[in-house]
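Please read the structure below before turning to the comments.
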Amino acid sequence: MEGEATGSTASRFGYEPSSFFSGDGDPTRIGQFMIAIDPASFSNSRFGERLDELLVTIKAQPGTRLPGERQFELRKQVEQSGIVIVGPLAEQLQNLPTRPL
């Protein structure tokens with residue numbers, strides 16, 4: 001897949017880009033290559049059932065979590081509790097003019 005993605009988009013291989021986690025370095029120049037597959041066509045329409053079985057098995061193992069699970073939980077907490085903003089940003093936001101909607 002990586003060869004297809006880099007070849008068809010003239011982008012960098014996975015080991016070449018600079019970090020995604022900082023602003024240091026050159027632009028990453030990564031490419032995207034997507035394939036859509038309907039698993040029902042070759043799984044006797046049991047893909048969802050089998051995937052559920054796999055996810056339950058993974059979750060039953062101590063210390064495991066599914067991709068995105070932590071982010072969904074944090075989002076739920078923020079929606080319920082809000083976000084605490086302190087320091088200079090809080091002051092700047094408090095000093096913004098307000099206008100009716």
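The chains in the structure tokens are called A, B, ... from first to last as shown; in each chain the residues are counted from 1, and the ligands are counted from 1 in the order shown.
DSSP, applied to the backbone of this structure, assigns alpha helix (DSSP H) to the following residues of region 40-87 of chain A: Phe47, Gly48, Glu49, Arg50, Leu51, Asp52, Glu53, Leu54, Leu55, Val56, Thr57, Ile58, Lys59, Glu69, Arg70, Gln71, Phe72, Glu73, Leu74, Arg75, Lys76, Gln77, Val78, Glu79, Gln80, Ser81 and Gly87 of chain A.
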Output of the above residues as a compact mmCIF listing (two decimals), in the first residue's frame, restricted to N, CA and C atoms:
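Below you can see out.txt, which holds the result:
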# COMPACT_ATOMS: atom_id res chain seq x y z
N PHE A 47 -19.40 -9.90 8.67
CA PHE A 47 -18.26 -9.07 9.05
C PHE A 47 -18.51 -8.33 10.36
N GLY A 48 -19.64 -7.68 10.50
CA GLY A 48 -19.94 -6.93 11.72
C GLY A 48 -19.94 -7.82 12.95
N GLU A 49 -20.55 -8.98 12.81
CA GLU A 49 -20.59 -9.95 13.92
C GLU A 49 -19.19 -10.40 14.31
N ARG A 50 -18.37 -10.71 13.33
CA ARG A 50 -16.99 -11.18 13.60
C ARG A 50 -16.14 -10.05 14.18
N LEU A 51 -16.34 -8.84 13.67
CA LEU A 51 -15.59 -7.70 14.20
C LEU A 51 -15.98 -7.45 15.65
N ASP A 52 -17.27 -7.51 15.97
CA ASP A 52 -17.71 -7.36 17.36
C ASP A 52 -17.05 -8.39 18.26
N GLU A 53 -16.97 -9.64 17.78
CA GLU A 53 -16.33 -10.70 18.55
C GLU A 53 -14.86 -10.36 18.83
N LEU A 54 -14.17 -9.88 17.81
CA LEU A 54 -12.77 -9.50 17.97
C LEU A 54 -12.61 -8.37 18.99
N LEU A 55 -13.46 -7.34 18.88
CA LEU A 55 -13.35 -6.19 19.78
C LEU A 55 -13.64 -6.59 21.22
N VAL A 56 -14.63 -7.44 21.44
CA VAL A 56 -14.93 -7.92 22.79
C VAL A 56 -13.74 -8.70 23.35
N THR A 57 -13.12 -9.51 22.52
CA THR A 57 -11.96 -10.29 22.96
C THR A 57 -10.79 -9.38 23.32
N ILE A 58 -10.56 -8.38 22.50
CA ILE A 58 -9.48 -7.42 22.79
C ILE A 58 -9.76 -6.70 24.10
N LYS A 59 -10.98 -6.20 24.27
CA LYS A 59 -11.33 -5.44 25.47
C LYS A 59 -11.27 -6.30 26.74
N GLU A 69 -10.50 5.23 21.66
CA GLU A 69 -11.30 5.09 22.88
C GLU A 69 -10.98 6.18 23.90
N ARG A 70 -9.71 6.46 24.09
CA ARG A 70 -9.32 7.49 25.06
C ARG A 70 -9.84 8.86 24.64
N GLN A 71 -9.71 9.18 23.34
CA GLN A 71 -10.18 10.46 22.85
C GLN A 71 -11.69 10.61 23.02
N PHE A 72 -12.45 9.54 22.76
CA PHE A 72 -13.90 9.61 22.92
C PHE A 72 -14.27 9.85 24.38
N GLU A 73 -13.55 9.19 25.30
CA GLU A 73 -13.81 9.38 26.72
C GLU A 73 -13.48 10.81 27.15
N LEU A 74 -12.35 11.34 26.68
CA LEU A 74 -11.98 12.72 27.02
C LEU A 74 -12.99 13.71 26.44
N ARG A 75 -13.47 13.46 25.24
CA ARG A 75 -14.46 14.34 24.63
C ARG A 75 -15.74 14.36 25.47
N LYS A 76 -16.15 13.18 25.93
CA LYS A 76 -17.35 13.08 26.76
C LYS A 76 -17.17 13.89 28.05
N GLN A 77 -15.97 13.77 28.66
CA GLN A 77 -15.69 14.53 29.90
C GLN A 77 -15.76 16.03 29.65
N VAL A 78 -15.18 16.48 28.56
CA VAL A 78 -15.17 17.91 28.23
C VAL A 78 -16.59 18.40 27.97
N GLU A 79 -17.38 17.61 27.27
CA GLU A 79 -18.76 18.01 27.01
C GLU A 79 -19.56 18.16 28.30
N GLN A 80 -19.25 17.31 29.29
CA GLN A 80 -19.97 17.36 30.56
C GLN A 80 -19.42 18.43 31.50
N SER A 81 -18.10 18.58 31.54
CA SER A 81 -17.47 19.44 32.54
C SER A 81 -16.97 20.77 32.00
N GLY A 87 -4.55 31.53 33.02
CA GLY A 87 -3.42 32.32 32.56
C GLY A 87 -3.80 33.41 31.58
One decimal, in Å: what's the spacing between CA of Ser8 (chain A) and CA of Gly31 (chain A)?
8.3 Å
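Pairwise distance (CA of Glu4 (chain A), CA of Arg29 (chain A)) equals 15.0 Å.
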Residues within 12 Å of Glu16 (chain A), only C-alpha atoms, excluding chain neighbours under 2 positions, as a count of residues only:
14
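Between Thr9 (chain A) and the residues A:Gly68, A:Pro62, A:Phe33, A:Gln94, the shortest atom-to-atom distance, using only C-alpha atoms, involves A:Phe33.
With distances restricted to only C-alpha atoms, A:Ile35 is the closest residue to Ala5 (chain A) from A:Ile35, A:Gly63, A:Gly23, A:Pro17.
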